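Asker: The following block contains the structure, expressed as structure tokens.
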Amino acid sequence: MCGTIIKTSDTGATWTILKSGVTYDLYSVCFTNAAVGYAVGANGIILKTINAGVFWDTVPSGTTSGLMSVFFPSATTGYVVGECGTLLKTVDAGRTWTALMGGNVHNFCSVFFTDVSTGYAVGYSGVIIKTTNGGASWTFLDAGTTTWLNSVWFTDSTTGYATGDHGTILKTTDAGNSWTALSSGTTKVLWSIYFRNPMTGYAVGDQGTIIKTIDGGATWTTLSSGTTNLLQSVCFTSTDVGYSVDYSGRIIKTTDAGTNWTFLSGGLIDLFTSVCFPEASIGYAVGLSGMIIKTTDAGITWNRLPGGARDLESVYFTDTNTGYAVGGNGIILKTIDAGASWVSLPSGTTGSLNSVYFTGYDTGYVVGYYLSAPSRYGIILKTTDGGASWVTLPSGHNKYLSSVYFINSNTGLIAGCDSVNNGLILKTTDGGSTWTSLPIGKTKGLASVFCTDVNIAYAVGDSGTILKTNDGGTNWTALSCGSINPLNSVYFFKDGTGFVAGFNGTILKTTDTGTNWTILATGTCNTLSSLCFTDSRTGYAVGVNGTILKTSNGGTSINEILPVKTVFKLYPNPACNKITIENTQNSGGETVISIFDIKGILLLQDKFNFKNLFNIDVSVLPEGIYLVKIQTTAEIEIKKLMIK
């Protein structure tokens with residue numbers, strides 16, 4: 001997230017944020033030796049380091065498609081795959097990259113080469129392609145499935161594995177000519193697979209899933225990961241020592257071949273996905289691992305509420321006491337006592353639920369998507385009895401539904417994308433009984449939709465996409481906002497004033513219905529997930545790394561506020577010469593204090609042993625905003641510091 005690359009030199013005990021020089025999300029990293037490595041990510045970004053990550057240089061890739069996986073079978077020859085059928089190759093250690101022709105428009109998720117010439121790529125709709133001539137030509141392999149595949153790994157020139165949705169694990173023993181579906185023992189999405197040797201392998205996925213085989217995939221055992229977060233990647237450095245990282249950047253480690261896993265303190269912190277204020281002073285935010293927090297003083301302080309074990313993606317309150325939160329594995333939670341307690345409602349699905357909206361006290365809608373062979377398909381649920389029961393509405397197939405908004409009891413819009421990330425908007429005028437796909441032209445996937453009346457609506461999404469309609473969706477216009485960052489949330493007022501938020505801390509504002517946009521100074525590069533306003537001047541944005549932002553003057557100034565009670569105090573703030581950091585829990589051991597600029601560049605660092613009061617000289621820092629990371633063996637906090 002946000003161009004983050006972190007490094008450990010002590011088997012994960014401590015981690016250092018490296019200077020990547022970019023703020024795009026990074027999805028894959030590969031090192032050819034201890035010093036030379038590559039990272040790829042959003043907007044076609046390719047980075048290279050030749051000094052073990054001290055500095056990273058941006059290498060021209062020739063594409064703006066998202067790059068999902070990088071693999072180097074030799075020091076000079078490497079391959080990258082990504083969205084829209086992207087296949088790239090270098091033969092000069094990453095200095096130049098050539099686009100290869102794969103003959104496929106599907107998104108590729110993972111690439112693996114058994115030697116410099118022979119390799120495989122897997123991706124959406126069960127596609128597996130193979131080359132034996134260094135990418136000059138590719139052959140489609142019959143995997144016997146149309147389930148989306150997320151990861152591929154070969155243990156030798158003939159034996160390989162691919163994992164994907166619905167617990168899918170495929171195996172080949174003849175270099176891809178034929179594939180056999182293995183029994184994984186899980187229906188969870190598997191995002192990554194890794195084999196330590198020909199017999200012993202691991203796969204990780206949704207809801208903290210970790211499975212292990214010691215017989216070449218014939219049988220798999222479910223391990224206890226200690227988390228319900230989505231695990232995206234797994235890697236082992238020895239027979240017993242392995243690591244996995246989750247969606248929010250938390251890192252878990254095992255030292256006994258996967259029997260036990262412990263969280264390391266160097267990962268990122270909480271990720272908030274949605275914010276809702278039913279009253280001016282009362283607000284809620286939800287996020288990963290069932291996190292629910294609440295404020296009763298307009299964001300000054302926040303307290304954790306009892307939530308669930310599943311990741312939560314959206315929250316909506318119909319009044320001060322009654323609210324709903326939805327998320328992974330079909331979870332729908334409801335509270336009728338202002339968040340003091342939450343009950344799980346029967347949704348009738350195990351799909352991922354992304355957005356919830358109520359048109360009245362009893363009538364509400366939830367949208368999302370379901371992972372199933374032969375494809376993913378959109379979910380639309382409706383309740384007319386306050387969530388006691390839910391009816392599945394027809395949505396059409398091959399849809400990823402991200403956001404739902406109703407302007408009245410009958411008329412609503414849903415935004416999302418199809419299997420190759422083309423944007424879509426669905427509309428109903430009969431309370432969800434039927435949905436029509438609106439003509440929006442060719443655009444990237446959409447993440448959020450917002451209506452100001454029955455005629456005017458806005459939708460935002462990837463690559464800075466902002467769409468507007470003035471006629472109820474019959475015609476849509478693409479607005480120019482001056483940003484290519486993916487946008488996750490949109491909020492408008494009837495007077496034409498609006499805000500959008502997204503990657504790299506982006507918040508844009510318009511006062512003329514979207515004709516012109518101004519970039520607001522947020523003081524963060526953390527990706528923002530959700531916007532909410534309580535009046536024309538007071539608004540909130542939440543996102544990754546526990547970010548909560550607030551403006552009290554319509555965006556003229558934006559302040560970061562702490563999401564929960566903290567262990568450490570930092571004062572004075574603003575400062576000019578020295579700062580003091582106090583540990584309020586009086587815990588012993590080592591404390592590492594690191595100060596970064598807002599781009600994540602490490603400027604100062606100091607270590608203290610068995611102290612609870614720390615004085616740091618910051619007189620060398622010029623005026624500006626900085627991030628202070630305070631790390632102990634038990635806690636990690638990141639605070640904003642202003643130097644005047």
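Ligands are numbered from 1 in the order shown, chains are lettered A, B, ... in the order of the structure tokens, and residues start at 1 in each chain.
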Tell me which protein, DNA and RNA residues are within 9 Å of Ala457 in chain A, counting only C-alpha atoms, leaving out same-chain ones fewer than 2 positions away, and put them as number ranges by chain.
Answerer: A: 413, 449-455, 459, 467-473, 492
Asker: Keeping C-alpha atoms, export the residues of the selection given above as an mmCIF file, in the first residue's frame.
Answerer:
```cif
data_model
loop_
_atom_site.group_PDB
_atom_site.id
_atom_site.type_symbol
_atom_site.label_atom_id
_atom_site.label_comp_id
_atom_site.auth_asym_id
_atom_site.auth_seq_id
_atom_site.Cartn_x
_atom_site.Cartn_y
_atom_site.Cartn_z
ATOM 1 C CA LEU A 413 -27.707 2.692 -8.397
ATOM 2 C CA VAL A 449 -21.549 5.815 -6.403
ATOM 3 C CA PHE A 450 -23.457 8.779 -4.922
ATOM 4 C CA CYS A 451 -26.738 10.496 -5.898
ATOM 5 C CA THR A 452 -27.842 14.032 -5.070
ATOM 6 C CA ASP A 453 -31.311 13.637 -6.645
ATOM 7 C CA VAL A 454 -33.116 11.370 -9.136
ATOM 8 C CA ASN A 455 -31.226 12.922 -12.047
ATOM 9 C CA ALA A 459 -19.350 7.428 -9.654
ATOM 10 C CA LEU A 467 -18.366 9.910 -14.022
ATOM 11 C CA LYS A 468 -21.407 12.185 -13.825
ATOM 12 C CA THR A 469 -24.978 11.964 -15.072
ATOM 13 C CA ASN A 470 -27.554 14.775 -15.244
ATOM 14 C CA ASP A 471 -30.418 12.673 -16.572
ATOM 15 C CA GLY A 472 -30.805 9.766 -14.208
ATOM 16 C CA GLY A 473 -28.132 7.662 -15.845
ATOM 17 C CA PHE A 492 -21.666 15.416 -2.952
#
```
Asker: Could you give me, as a list in words, the residues within 8 Å of Phe596 in chain A, counting only C-alpha atoms and dropping anything in the same chain fewer than 6 positions from it?
Answerer: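 The residues satisfying every condition are Leu602, Leu603, Leu604, Tyr626, Leu627, Val628 and Lys629 of chain A.
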Asker: Deliver the residues from the most recent selection as a file, using N, CA and C atoms, as a tab-separated table (two decimals), in the first residue's frame.
Answerer:
```tsv
chain	number	residue	atom	x	y	z
A	602	LEU	N	12.99	7.56	5.97
A	602	LEU	CA	13.49	7.58	7.34
A	602	LEU	C	14.51	8.70	7.51
A	603	LEU	N	14.27	9.56	8.51
A	603	LEU	CA	15.14	10.71	8.75
A	603	LEU	C	15.93	10.58	10.05
A	604	LEU	N	15.27	10.12	11.11
A	604	LEU	CA	15.92	9.97	12.41
A	604	LEU	C	15.47	8.66	13.04
A	626	TYR	N	5.61	15.34	9.89
A	626	TYR	CA	6.39	14.10	9.94
A	626	TYR	C	5.58	13.00	10.62
A	627	LEU	N	6.00	11.77	10.39
A	627	LEU	CA	5.40	10.62	11.03
A	627	LEU	C	6.40	10.01	12.01
A	628	VAL	N	5.94	9.76	13.23
A	628	VAL	CA	6.79	9.19	14.27
A	628	VAL	C	6.30	7.77	14.57
A	629	LYS	N	7.17	6.80	14.33
A	629	LYS	CA	6.84	5.41	14.60
A	629	LYS	C	7.50	4.99	15.91
```
Asker: Report as CSV the residues of range 398-457 of chain A within 12 Å of range 310-318 of chain A, each with its shortest atom pair and distance in Å (one decimal), using only C-alpha atoms, ordered by chain and increasing residue number.
Answerer:
```
residue,atom,partner,partner_atom,distance
A:Ser402,CA,A:Glu313,CA,9.8
A:Ser403,CA,A:Ser314,CA,9.3
A:Val404,CA,A:Ser314,CA,10.5
A:Tyr405,CA,A:Tyr316,CA,11.3
A:Ser448,CA,A:Ser314,CA,11.6
```
Asker: Given only C-alpha atoms as the basis, pick out the residue of A:Gly164, A:Ser557, A:Thr239, A:Asn229 nearest to Gly201 in chain A.
Answerer: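 The closest residue to Gly201 in chain A is A:Thr239.
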Asker: Please identify all polymer residues within 7 Å of Ile128 in chain A, counting only C-alpha atoms, omitting same-chain residues fewer than 4 positions from it, and present them as a list of chain:residue names.
Answerer: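 The residues that qualify are A:Tyr120, A:Ala121, A:Val122, A:Gly123, A:Phe140, A:Leu141, A:Ala143.
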Asker: For a quick check of understanding, using only C-alpha atoms, which of A:Pro346, A:Gly360, A:Gly327, A:Gly461 has the smallest distance to Cys417 in chain A?
Answerer: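 Closest to Cys417 in chain A of all the choices is A:Gly461.
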Asker: Nearest to Asn329 in chain A: which of A:Thr259, A:Gly299, A:Lys399, A:Leu230 is it, counting only C-alpha atoms?
Answerer: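 Result for the nearest residue to Asn329 in chain A: A:Leu230.
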Asker: What does the distance from CA of Gly364 in chain A to CA of Gly328 in chain A come to in Å, to one decimal?
Answerer: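 For CA of Gly364 in chain A relative to CA of Gly328 in chain A, the distance reads 18.2 Å.
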Asker: Can you check which residues of range 342-587 of chain A DSSP gives as strand (DSSP E or B) on the backbone and send them as a PyMOL selection string?
Answerer: chain A and resi 343-344+352-358+364-370+377-383+391-393+397+399-406+412-418+422-428+436-437+444+446-451+457-461+466-469+477-479+487-492+498-502+507-510+518-519+528-533+539-543+548-551+559-560+568-571+575+578-583
Asker: Out of A:Ile17, A:Val245, A:Ile45, A:Val542, which residue has the shortest atom-to-atom distance to Ser530 in chain A when counting only C-alpha atoms?
Answerer: A:Val542
Asker: I want to know what sits within 7 Å of Phe610 in chain A, based on only C-alpha atoms, with residues of the same chain fewer than 2 positions away left out; could you give that as number ranges by chain?
Answerer: A: 588-590, 608, 612
Asker: Kindly save the residues from that selection, with N, CA and C atoms included, as a PDB file, in the first residue's frame.
Answerer:
```pdb
ATOM      1  N   GLY A 588       8.768  -2.382  30.091  1.00  0.00           N
ATOM      2  CA  GLY A 588      10.213  -2.371  29.892  1.00  0.00           C
ATOM      3  C   GLY A 588      10.598  -2.868  28.519  1.00  0.00           C
ATOM      4  N   GLY A 589      11.894  -3.189  28.360  1.00  0.00           N
ATOM      5  CA  GLY A 589      12.399  -3.677  27.090  1.00  0.00           C
ATOM      6  C   GLY A 589      12.861  -2.556  26.180  1.00  0.00           C
ATOM      7  N   GLU A 590      13.136  -2.926  24.931  1.00  0.00           N
ATOM      8  CA  GLU A 590      13.663  -1.958  23.965  1.00  0.00           C
ATOM      9  C   GLU A 590      12.540  -1.206  23.263  1.00  0.00           C
ATOM     10  N   PHE A 608      16.063   2.886  22.742  1.00  0.00           N
ATOM     11  CA  PHE A 608      16.142   3.060  24.184  1.00  0.00           C
ATOM     12  C   PHE A 608      15.845   1.722  24.855  1.00  0.00           C
ATOM     13  N   ASN A 612      10.844   4.735  30.015  1.00  0.00           N
ATOM     14  CA  ASN A 612       9.463   5.065  29.713  1.00  0.00           C
ATOM     15  C   ASN A 612       9.283   6.527  29.313  1.00  0.00           C
TER      16      ASN A 612
END
```
